[in-house]
>>> print(open('data.cif').read())   # mmCIF, C-alpha atoms
data_model
#
loop_
_atom_site.group_PDB
_atom_site.id
_atom_site.type_symbol
_atom_site.label_atom_id
_atom_site.label_comp_id
_atom_site.auth_asym_id
_atom_site.auth_seq_id
_atom_site.Cartn_x
_atom_site.Cartn_y
_atom_site.Cartn_z
ATOM 1 C CA MET A 1 118.155 106.662 127.558
ATOM 2 C CA LYS A 2 116.071 108.822 129.880
ATOM 3 C CA ASN A 3 114.922 110.916 126.928
ATOM 4 C CA ILE A 4 113.527 107.959 125.075
ATOM 5 C CA PRO A 5 109.900 107.209 125.920
ATOM 6 C CA ASN A 6 109.141 103.662 126.906
ATOM 7 C CA SER A 7 105.910 103.550 124.940
ATOM 8 C CA HIS A 8 104.937 100.516 122.893
ATOM 9 C CA ILE A 9 105.696 100.998 119.239
ATOM 10 C CA PHE A 10 104.448 97.610 118.044
ATOM 11 C CA LYS A 11 100.942 97.600 116.637
ATOM 12 C CA GLU A 12 98.792 94.532 116.201
ATOM 13 C CA PRO A 13 96.294 94.149 113.333
ATOM 14 C CA GLU A 14 92.926 95.722 113.978
ATOM 15 C CA GLY A 15 90.528 93.492 115.903
ATOM 16 C CA TYR A 16 93.325 91.074 116.757
ATOM 17 C CA PHE A 17 92.429 90.824 120.439
ATOM 18 C CA ASP A 18 88.734 90.381 119.651
ATOM 19 C CA THR A 19 89.407 87.125 117.850
ATOM 20 C CA LEU A 20 92.379 85.798 119.814
ATOM 21 C CA PRO A 21 90.447 84.012 122.624
ATOM 22 C CA LYS A 22 88.352 82.048 120.117
ATOM 23 C CA LYS A 23 91.439 81.192 118.049
ATOM 24 C CA VAL A 24 93.244 79.870 121.128
ATOM 25 C CA ILE A 25 90.269 77.832 122.340
ATOM 26 C CA ASP A 26 89.626 76.364 118.870
ATOM 27 C CA ARG A 27 93.313 75.537 118.381
ATOM 28 C CA ARG A 28 93.442 73.851 121.780
ATOM 29 C CA LYS A 29 90.376 71.750 120.924
ATOM 30 C CA THR A 30 91.954 70.721 117.623
ATOM 31 C CA GLN A 31 95.168 69.746 119.414
ATOM 32 C CA ILE A 32 93.241 67.695 121.990
ATOM 33 C CA ARG A 33 91.309 65.956 119.198
ATOM 34 C CA GLN A 34 94.568 65.213 117.378
ATOM 35 C CA VAL A 35 96.071 63.775 120.557
ATOM 36 C CA TYR A 36 93.033 61.493 121.032
ATOM 37 C CA ILE A 37 93.175 60.346 117.408
ATOM 38 C CA PHE A 38 96.913 59.763 117.688
ATOM 39 C CA ARG A 39 96.486 57.754 120.899
ATOM 40 C CA ALA A 40 93.647 55.722 119.390
ATOM 41 C CA ALA A 41 95.788 55.012 116.329
ATOM 42 C CA ILE A 42 98.735 53.955 118.494
ATOM 43 C CA ALA A 43 96.450 51.730 120.597
ATOM 44 C CA ALA A 44 95.003 50.140 117.452
ATOM 45 C CA ILE A 45 98.460 49.545 115.984
ATOM 46 C CA LEU A 46 99.660 48.032 119.254
ATOM 47 C CA LEU A 47 96.596 45.827 119.506
ATOM 48 C CA VAL A 48 96.971 44.557 115.954
ATOM 49 C CA GLY A 49 100.714 44.093 116.423
ATOM 50 C CA LEU A 50 100.326 42.219 119.690
ATOM 51 C CA SER A 51 97.539 40.046 118.285
ATOM 52 C CA PHE A 52 99.696 39.243 115.297
ATOM 53 C CA MET A 53 102.672 38.363 117.519
ATOM 54 C CA PHE A 54 100.428 36.260 119.750
ATOM 55 C CA LEU A 55 99.141 34.325 116.758
ATOM 56 C CA LEU A 56 102.664 33.856 115.430
ATOM 57 C CA GLN A 57 103.767 32.391 118.728
ATOM 58 C CA GLN A 58 100.924 29.863 118.841
ATOM 59 C CA PRO A 59 101.896 26.280 117.885
ATOM 60 C CA TRP A 60 99.695 25.785 114.854
ATOM 61 C CA VAL A 61 97.175 23.069 115.435
ATOM 62 C CA ASN A 62 97.095 20.591 112.592
ATOM 63 C CA GLU A 63 93.653 20.240 111.184
ATOM 64 C CA ALA A 64 94.214 16.495 110.900
ATOM 65 C CA ASP A 65 94.507 16.348 114.683
ATOM 66 C CA TYR A 66 90.800 16.944 114.893
ATOM 67 C CA GLN A 67 90.058 14.043 112.589
ATOM 68 C CA VAL A 68 91.935 11.307 114.381
ATOM 69 C CA TYR A 69 89.863 8.227 114.210
ATOM 70 C CA ASP A 70 89.017 6.993 117.599
ATOM 71 C CA PRO A 71 87.467 3.512 117.455
ATOM 72 C CA ASP A 72 86.450 3.703 121.095
ATOM 73 C CA ILE A 73 84.057 6.577 120.437
ATOM 74 C CA GLU A 74 82.337 4.762 117.618
ATOM 75 C CA ASP A 75 81.990 1.645 119.773
ATOM 76 C CA GLU A 76 80.487 3.715 122.535
ATOM 77 C CA VAL A 77 78.009 5.315 120.165
ATOM 78 C CA GLU A 78 77.026 1.884 118.895
ATOM 79 C CA LEU A 79 76.555 0.698 122.469
ATOM 80 C CA TYR A 80 74.312 3.651 123.342
ATOM 81 C CA ILE A 81 72.218 3.080 120.237
ATOM 82 C CA SER A 82 71.946 -0.684 120.566
ATOM 83 C CA SER A 83 71.035 -0.453 124.239
ATOM 84 C CA GLU A 84 68.391 2.120 123.190
ATOM 85 C CA ILE A 85 69.718 4.762 125.519
ATOM 86 C CA TRP A 86 69.991 7.025 122.473
ATOM 87 C CA GLN A 87 67.163 7.283 120.014
ATOM 88 C CA ALA A 88 67.652 8.269 116.381
ATOM 89 C CA GLU A 89 66.682 11.844 117.243
ATOM 90 C CA ASP A 90 69.405 11.992 119.904
ATOM 91 C CA VAL A 91 72.043 10.897 117.440
ATOM 92 C CA LEU A 92 70.839 13.371 114.864
ATOM 93 C CA LEU A 93 70.935 16.186 117.390
ATOM 94 C CA LEU A 94 74.634 15.495 117.938
ATOM 95 C CA SER A 95 75.259 16.674 114.425
ATOM 96 C CA ASP A 96 75.681 20.327 113.400
ATOM 97 C CA ASP A 97 73.359 19.785 110.480
ATOM 98 C CA PRO A 98 70.889 16.916 111.106
ATOM 99 C CA ASN A 99 69.057 17.699 107.869
ATOM 100 C CA GLU A 100 72.133 16.906 105.866
ATOM 101 C CA ILE A 101 72.389 13.469 107.498
ATOM 102 C CA LEU A 102 68.706 12.867 106.929
ATOM 103 C CA ASP A 103 69.047 13.828 103.270
ATOM 104 C CA LYS A 104 71.971 11.449 102.863
ATOM 105 C CA MET A 105 70.081 8.641 104.553
ATOM 106 C CA ILE A 106 67.050 9.202 102.313
ATOM 107 C CA GLU A 107 69.282 9.270 99.252
ATOM 108 C CA ILE A 108 70.951 5.969 100.210
ATOM 109 C CA GLU A 109 67.669 4.337 101.094
ATOM 110 C CA TYR A 110 65.980 5.584 97.935
ATOM 111 C CA VAL A 111 68.792 4.341 95.652
ATOM 112 C CA ALA A 112 68.761 0.972 97.406
ATOM 113 C CA TYR A 113 65.012 0.805 97.038
ATOM 114 C CA MET A 114 65.087 1.674 93.327
ATOM 115 C CA SER A 115 67.824 -0.833 92.537
ATOM 116 C CA GLU A 116 65.967 -3.741 94.149
ATOM 117 C CA PRO A 117 63.714 -5.867 91.856
ATOM 118 C CA ASP A 118 60.125 -5.426 92.779
ATOM 119 C CA PRO A 119 58.731 -8.788 93.908
ATOM 120 C CA MET A 120 55.336 -7.584 92.804
ATOM 121 C CA ASP A 121 56.547 -7.464 89.208
ATOM 122 C CA ASP A 122 56.501 -11.263 88.821
ATOM 123 C CA ASP A 123 53.115 -11.565 90.441
ATOM 124 C CA PHE A 124 51.700 -9.046 88.082
ATOM 125 C CA TRP A 125 52.491 -11.033 84.965
ATOM 126 C CA PHE A 126 51.294 -14.383 86.257
ATOM 127 C CA MET B 127 97.930 85.019 144.203
ATOM 128 C CA ASN B 128 96.128 88.212 145.079
ATOM 129 C CA SER B 129 93.796 89.350 142.361
ATOM 130 C CA LEU B 130 90.088 88.762 142.688
ATOM 131 C CA THR B 131 89.910 88.141 138.966
ATOM 132 C CA ASP B 132 92.449 85.351 139.305
ATOM 133 C CA LEU B 133 90.246 83.625 141.859
ATOM 134 C CA GLU B 134 87.182 84.068 139.662
ATOM 135 C CA ILE B 135 89.033 82.650 136.672
ATOM 136 C CA LEU B 136 90.343 79.672 138.611
ATOM 137 C CA ASP B 137 86.890 78.972 140.068
ATOM 138 C CA LEU B 138 85.342 79.024 136.613
ATOM 139 C CA ILE B 139 88.023 76.720 135.227
ATOM 140 C CA ALA B 140 87.687 74.294 138.136
ATOM 141 C CA ASN B 141 84.023 73.721 137.264
ATOM 142 C CA PRO B 142 83.647 71.525 134.146
ATOM 143 C CA LEU B 143 80.466 73.380 133.185
ATOM 144 C CA THR B 144 82.179 76.793 133.128
ATOM 145 C CA LYS B 145 85.668 75.671 132.139
ATOM 146 C CA GLU B 146 85.605 77.171 128.651
ATOM 147 C CA LYS B 147 84.227 80.441 129.988
ATOM 148 C CA GLY B 148 87.107 80.483 132.457
ATOM 149 C CA PHE B 149 89.667 79.927 129.700
ATOM 150 C CA ARG B 150 88.096 82.712 127.684
ATOM 151 C CA LEU B 151 88.224 85.075 130.658
ATOM 152 C CA LEU B 152 91.849 84.142 131.331
ATOM 153 C CA ILE B 153 92.817 84.946 127.744
ATOM 154 C CA GLU B 154 90.773 88.135 127.594
ATOM 155 C CA THR B 155 92.302 89.378 130.846
ATOM 156 C CA TYR B 156 95.946 88.771 130.008
ATOM 157 C CA GLN B 157 96.189 88.667 126.206
ATOM 158 C CA ARG B 158 97.438 92.237 125.779
ATOM 159 C CA LYS B 159 100.152 91.929 128.410
ATOM 160 C CA VAL B 160 101.318 88.528 127.164
ATOM 161 C CA TYR B 161 101.272 89.598 123.537
ATOM 162 C CA GLY B 162 103.133 92.796 124.447
ATOM 163 C CA VAL B 163 106.014 91.058 126.184
ATOM 164 C CA VAL B 164 106.264 88.402 123.458
ATOM 165 C CA ARG B 165 106.087 90.924 120.634
ATOM 166 C CA LYS B 166 108.967 92.937 122.069
ATOM 167 C CA MET B 167 111.042 89.770 122.155
ATOM 168 C CA VAL B 168 110.279 88.396 118.686
ATOM 169 C CA ILE B 169 109.301 91.684 116.946
ATOM 170 C CA ILE B 170 107.349 90.099 114.061
ATOM 171 C CA HIS B 171 103.582 89.973 114.595
ATOM 172 C CA GLU B 172 103.033 86.516 113.079
ATOM 173 C CA ASP B 173 105.668 85.010 115.389
ATOM 174 C CA ALA B 174 104.268 86.862 118.393
ATOM 175 C CA ASP B 175 100.760 85.675 117.516
ATOM 176 C CA ASP B 176 101.916 82.065 117.331
ATOM 177 C CA ILE B 177 103.825 82.272 120.627
ATOM 178 C CA THR B 178 100.961 84.042 122.387
ATOM 179 C CA GLN B 179 98.550 81.316 121.297
ATOM 180 C CA ASN B 180 100.979 78.613 122.422
ATOM 181 C CA THR B 181 101.404 80.375 125.761
ATOM 182 C CA PHE B 182 97.666 80.346 126.447
ATOM 183 C CA ILE B 183 97.237 76.777 125.208
ATOM 184 C CA LYS B 184 99.992 75.656 127.584
ATOM 185 C CA ALA B 185 98.457 77.663 130.383
ATOM 186 C CA CYS B 186 95.015 76.133 129.787
ATOM 187 C CA ASN B 187 96.468 72.635 129.606
ATOM 188 C CA ASN B 188 98.427 73.042 132.831
ATOM 189 C CA ILE B 189 96.176 75.323 134.835
ATOM 190 C CA LEU B 190 95.361 72.525 137.292
ATOM 191 C CA LYS B 191 99.063 72.359 138.135
ATOM 192 C CA PHE B 192 99.037 76.058 138.968
ATOM 193 C CA GLN B 193 99.834 76.180 142.667
ATOM 194 C CA GLY B 194 98.670 79.701 143.380
ATOM 195 C CA ASN B 195 102.013 80.653 144.941
ATOM 196 C CA SER B 196 102.306 83.473 142.455
ATOM 197 C CA SER B 197 99.743 85.463 140.488
ATOM 198 C CA LEU B 198 98.376 84.138 137.222
ATOM 199 C CA PHE B 199 100.047 87.122 135.585
ATOM 200 C CA THR B 200 103.505 86.062 136.835
ATOM 201 C CA TRP B 201 102.855 82.471 135.823
ATOM 202 C CA LEU B 202 101.690 83.468 132.323
ATOM 203 C CA TYR B 203 104.675 85.780 131.888
ATOM 204 C CA ARG B 204 106.980 82.924 132.801
ATOM 205 C CA ILE B 205 105.424 80.673 130.161
ATOM 206 C CA ALA B 206 105.459 83.487 127.592
ATOM 207 C CA THR B 207 109.098 84.417 128.195
ATOM 208 C CA ASN B 208 110.188 80.772 128.051
ATOM 209 C CA GLU B 209 108.277 80.290 124.826
ATOM 210 C CA SER B 210 109.870 83.419 123.355
ATOM 211 C CA LEU B 211 113.396 82.390 124.348
ATOM 212 C CA ASN B 212 112.837 78.878 122.967
ATOM 213 C CA PHE B 213 111.538 80.340 119.732
ATOM 214 C CA LEU B 214 114.617 82.547 119.322
ATOM 215 C CA GLU B 215 116.883 79.635 120.160
ATOM 216 C CA LYS B 216 115.237 77.552 117.436
ATOM 217 C CA LYS B 217 115.632 80.396 114.963
ATOM 218 C CA LYS B 218 119.329 80.474 115.748
ATOM 219 C CA LYS B 219 119.697 76.820 114.872
ATOM 220 C CA ARG B 220 117.666 77.064 111.717
ATOM 221 C CA TYR B 221 120.091 79.256 109.797
ATOM 222 C CA PHE B 222 123.560 78.317 108.728
ATOM 223 C CA PHE B 223 124.834 81.728 109.829
ATOM 224 C CA PRO B 224 122.362 81.831 112.626
ATOM 225 C CA VAL B 225 122.155 84.758 115.017
ATOM 226 C CA GLU B 226 122.889 87.587 112.640
ATOM 227 C CA ASP B 227 120.374 86.410 110.081
ATOM 228 C CA HIS B 228 117.326 86.411 112.292
ATOM 229 C CA GLN B 229 118.477 89.581 114.014
ATOM 230 C CA GLU B 230 118.692 91.167 110.618
ATOM 231 C CA VAL B 231 115.196 89.987 109.737
ATOM 232 C CA MET B 232 113.856 91.547 112.935
ATOM 233 C CA ALA B 233 115.821 94.782 112.433
ATOM 234 C CA ASN B 234 114.510 95.096 108.872
ATOM 235 C CA TYR B 235 111.005 94.497 110.158
ATOM 236 C CA ILE B 236 111.395 97.418 112.564
ATOM 237 C CA ASP B 237 112.548 99.605 109.660
ATOM 238 C CA THR B 238 109.980 98.593 107.105
ATOM 239 C CA SER B 239 106.842 97.142 108.670
ATOM 240 C CA PRO B 240 103.703 99.308 108.782
ATOM 241 C CA ASP B 241 102.945 97.578 112.100
ATOM 242 C CA ILE B 242 105.638 99.667 113.796
ATOM 243 C CA SER B 243 104.884 103.154 115.002
ATOM 244 C CA GLY B 244 107.056 105.419 117.133
ATOM 245 C CA THR B 245 109.769 107.962 116.498
ATOM 246 C CA GLU B 246 113.109 107.392 114.839
ATOM 247 C CA ILE B 247 114.887 107.270 118.204
ATOM 248 C CA GLU B 248 112.397 104.708 119.528
ATOM 249 C CA ARG B 249 113.039 102.475 116.542
ATOM 250 C CA LYS B 250 116.771 102.927 117.019
ATOM 251 C CA LEU B 251 116.398 101.853 120.624
ATOM 252 C CA HIS B 252 114.526 98.697 119.617
ATOM 253 C CA LYS B 253 117.125 97.832 117.017
ATOM 254 C CA ALA B 254 119.869 98.363 119.589
ATOM 255 C CA ILE B 255 117.995 96.111 122.044
ATOM 256 C CA LEU B 256 118.077 93.370 119.397
ATOM 257 C CA ARG B 257 121.845 93.313 119.686
ATOM 258 C CA LEU B 258 121.741 92.446 123.382
ATOM 259 C CA PRO B 259 121.964 88.796 124.451
ATOM 260 C CA GLU B 260 118.440 87.367 124.614
ATOM 261 C CA LYS B 261 118.160 87.018 128.366
ATOM 262 C CA GLN B 262 119.496 90.506 128.869
ATOM 263 C CA ARG B 263 116.962 91.719 126.333
ATOM 264 C CA LEU B 264 114.237 90.048 128.316
ATOM 265 C CA VAL B 265 115.386 91.648 131.569
ATOM 266 C CA PHE B 266 115.618 95.049 129.921
ATOM 267 C CA ASN B 267 112.153 94.746 128.336
ATOM 268 C CA LEU B 268 110.506 93.622 131.552
ATOM 269 C CA LYS B 269 112.017 96.506 133.492
ATOM 270 C CA TYR B 270 111.997 99.319 130.960
ATOM 271 C CA PHE B 271 108.800 98.691 129.017
ATOM 272 C CA GLU B 272 106.673 96.573 131.329
ATOM 273 C CA ASP B 273 107.822 98.498 134.398
ATOM 274 C CA LEU B 274 107.889 95.389 136.575
ATOM 275 C CA SER B 275 109.514 95.340 139.984
ATOM 276 C CA TYR B 276 112.641 93.254 140.487
ATOM 277 C CA GLU B 277 110.623 90.952 142.749
ATOM 278 C CA GLU B 278 108.143 90.262 139.962
ATOM 279 C CA MET B 279 110.943 89.820 137.461
ATOM 280 C CA SER B 280 112.656 87.429 139.835
ATOM 281 C CA ALA B 281 109.480 85.338 140.085
ATOM 282 C CA ILE B 282 109.083 85.299 136.299
ATOM 283 C CA THR B 283 112.661 84.527 135.355
ATOM 284 C CA GLU B 284 113.503 82.483 138.457
ATOM 285 C CA THR B 285 116.676 84.537 138.801
ATOM 286 C CA SER B 286 117.985 86.369 141.860
ATOM 287 C CA ILE B 287 117.203 90.043 142.229
ATOM 288 C CA GLY B 288 120.924 90.861 142.398
ATOM 289 C CA ALA B 289 121.589 89.152 139.082
ATOM 290 C CA LEU B 290 118.640 90.929 137.492
ATOM 291 C CA LYS B 291 119.832 94.312 138.705
ATOM 292 C CA ALA B 292 123.307 93.656 137.350
ATOM 293 C CA SER B 293 121.897 92.430 134.040
ATOM 294 C CA TYR B 294 119.685 95.502 133.646
ATOM 295 C CA HIS B 295 122.526 97.825 134.530
ATOM 296 C CA HIS B 296 124.800 96.225 131.902
ATOM 297 C CA ALA B 297 122.026 96.373 129.324
ATOM 298 C CA VAL B 298 121.456 100.084 129.909
ATOM 299 C CA LYS B 299 125.180 100.799 129.646
ATOM 300 C CA LYS B 300 125.480 98.878 126.375
ATOM 301 C CA LEU B 301 122.450 100.616 124.905
ATOM 302 C CA GLU B 302 123.689 104.060 125.878
ATOM 303 C CA ILE B 303 126.989 103.336 124.159
ATOM 304 C CA GLU B 304 125.203 102.032 121.060
ATOM 305 C CA LEU B 305 122.823 104.967 120.820
ATOM 306 C CA THR B 306 125.424 107.642 121.402
ATOM 307 C CA ALA B 307 127.792 106.045 118.909
ATOM 308 C CA GLU B 308 125.199 106.201 116.087
#
>>> encode(input="data.cif", output="structure tokens")
Amino acid sequence: MKNIPNSHIFKEPEGYFDTLPKKVIDRRKTQIRQVYIFRAAIAAILLVGLSFMFLLQQPWVNEADYQVYDPDIEDEVELYISSEIWQAEDVLLLSDDPNEILDKMIEIEYVAYMSEPDPMDDDFWF
Amino acid sequence: MNSLTDLEILDLIANPLTKEKGFRLLIETYQRKVYGVVRKMVIIHEDADDITQNTFIKACNNILKFQGNSSLFTWLYRIATNESLNFLEKKKKRYFFPVEDHQEVMANYIDTSPDISGTEIERKLHKAILRLPEKQRLVFNLKYFEDLSYEEMSAITETSIGALKASYHHAVKKLEIELTAE
């Protein structure tokens, strides 16, 4: 054993140590990026999963529940209008789309107007 | 911790603005030593390259946990030797007839690779070292080739000095028998 030199017989490729620091730093950055992406993906999956479970656990609200006819409300509205607390503009502003109501009102009024006999017609001929 | 360079490196790493410079300095300072000890354990350059890179990545990731009770060199050697032993352990499990196969691959590499220099007797010694149990190989390499003191080896391997001395002594005896028998 004593006659055998303890020199290093393993050679590395030429320039290996010149490039190693950059390789290590770049590889570390890539790993960190991958960890962030992985964590973001896990967070997104968890968020979607939890949202989905939350929605599944909700008692589904029947759409018809919103449309229950409540005669008291209509009476109250009538009372406000007849006592002139609310003006026409106030009532229209309660709606999401006042123009639609106005259009409907004009349509109804116009049809009613057109279907009525014109009292002037008789006068014209006599 | 005693080296001025170690303090410089740690100072650079502690500052976010000079962190990368610190990592670069750490690698540049210790790359040859780390690669050397890893290469003697795993023999094949590509494996040694991979383990050396992993060693420095682990070191960079955990440098803030470095207590400073030992030198950076001791700490890096500990990571490198653990990585090497883990690598060899994985290689054992990968083959159906495990140990012999990878040992044979490494022995053939010593015989045939252009990356190996040295005399015939040096190559014989390295092939004989491959037949030692891995931890004994590590102890032998650290003492014989790296010329570390038993105190340093104890810090690296977290083994008592007495056990290291005994291990080295057994390794030398086995190798002498192997080399004289051939």
>>> residues_near_point(input="data.cif", point="(71.9, 7.7, 116.1)", cutoff="12 Å", atoms="all atoms listed in the file", output="ChimeraX atom specification")
/A:74,76-95,98,101-102,105
>>> interface_residues(input="data.cif", of="chain A", to="chain B", cutoff="7 Å", atoms="all atoms listed in the file", output="list in words")
Met1, Ile4, Asn6, Ser7, Ile9, Phe10, Lys11, Glu12, Pro21, Val24 and Arg28 of chain A
>>> closest_residue(input="data.cif", among="B:Thr238, B:Thr283, B:Gln262, B:Asn141", to="Ala206 (chain B)", atoms="only C-alpha atoms")
B:Thr283
>>> atom_distance(input="data.cif", atom1="CA of Met167 (chain B)", atom2="CA of Lys291 (chain B)")
19.3 Å
>>> residues_around(input="data.cif", residues="Arg263 (chain B)", least_positions_apart="4", cutoff="12 Å", atoms="only C-alpha atoms", output="count of residues only")
32
>>> atom_distance(input="data.cif", atom1="CA of Asp132 (chain B)", atom2="CA of Leu198 (chain B)")
6.4 Å
>>> atom_distance(input="data.cif", atom1="CA of Arg33 (chain A)", atom2="CA of Phe192 (chain B)")
23.5 Å
>>> closest_residue(input="data.cif", among="B:Glu284, B:Asp237, B:Asp137, B:Glu246", to="Ile205 (chain B)", atoms="all atoms listed in the file")
B:Glu284
>>> axis_aligned_box(input="data.cif", around="region 247-266 of chain B", padding_each_side="3 Å", output="lines of an AutoDock Vina configuration file")
center_x = 117.2
center_y = 97.1
center_z = 124.1
size_x = 15.6
size_y = 26.3
size_z = 21.0
>>> build_atoms(input="data.cif", residues="region 72-90 of chain A", atoms="N, CA and C atoms", output="CSV table (one decimal), in the frame of the given file")
chain,number,residue,atom,x,y,z
A,72,ASP,N,87.2,3.8,119.8
A,72,ASP,CA,86.4,3.7,121.1
A,72,ASP,C,85.2,4.5,121.1
A,73,ILE,N,85.3,5.7,120.5
A,73,ILE,CA,84.1,6.6,120.4
A,73,ILE,C,83.0,5.9,119.6
A,74,GLU,N,83.4,5.4,118.5
A,74,GLU,CA,82.3,4.8,117.6
A,74,GLU,C,81.7,3.5,118.3
A,75,ASP,N,82.5,2.8,119.0
A,75,ASP,CA,82.0,1.6,119.8
A,75,ASP,C,81.0,2.1,120.8
A,76,GLU,N,81.4,3.2,121.5
A,76,GLU,CA,80.5,3.7,122.5
A,76,GLU,C,79.2,4.2,122.0
A,77,VAL,N,79.2,4.8,120.8
A,77,VAL,CA,78.0,5.3,120.2
A,77,VAL,C,77.1,4.1,119.8
A,78,GLU,N,77.8,3.1,119.3
A,78,GLU,CA,77.0,1.9,118.9
A,78,GLU,C,76.3,1.3,120.1
A,79,LEU,N,77.1,1.3,121.2
A,79,LEU,CA,76.6,0.7,122.5
A,79,LEU,C,75.3,1.5,123.0
A,80,TYR,N,75.5,2.8,122.9
A,80,TYR,CA,74.3,3.7,123.3
A,80,TYR,C,73.1,3.4,122.5
A,81,ILE,N,73.3,3.3,121.2
A,81,ILE,CA,72.2,3.1,120.2
A,81,ILE,C,71.6,1.7,120.4
A,82,SER,N,72.5,0.7,120.5
A,82,SER,CA,71.9,-0.7,120.6
A,82,SER,C,71.2,-0.9,121.9
A,83,SER,N,71.7,-0.3,122.9
A,83,SER,CA,71.0,-0.5,124.2
A,83,SER,C,69.8,0.5,124.4
A,84,GLU,N,69.6,1.2,123.3
A,84,GLU,CA,68.4,2.1,123.2
A,84,GLU,C,68.4,3.3,124.2
A,85,ILE,N,69.6,3.6,124.7
A,85,ILE,CA,69.7,4.8,125.5
A,85,ILE,C,69.5,6.0,124.6
A,86,TRP,N,70.2,6.0,123.5
A,86,TRP,CA,70.0,7.0,122.5
A,86,TRP,C,69.0,6.6,121.4
A,87,GLN,N,68.1,7.5,121.1
A,87,GLN,CA,67.2,7.3,120.0
A,87,GLN,C,67.8,8.0,118.8
A,88,ALA,N,67.2,7.7,117.6
A,88,ALA,CA,67.7,8.3,116.4
A,88,ALA,C,67.7,9.8,116.5
A,89,GLU,N,66.7,10.4,117.1
A,89,GLU,CA,66.7,11.8,117.2
A,89,GLU,C,67.9,12.4,118.0
A,90,ASP,N,68.3,11.6,119.1
A,90,ASP,CA,69.4,12.0,119.9
A,90,ASP,C,70.7,12.0,119.1
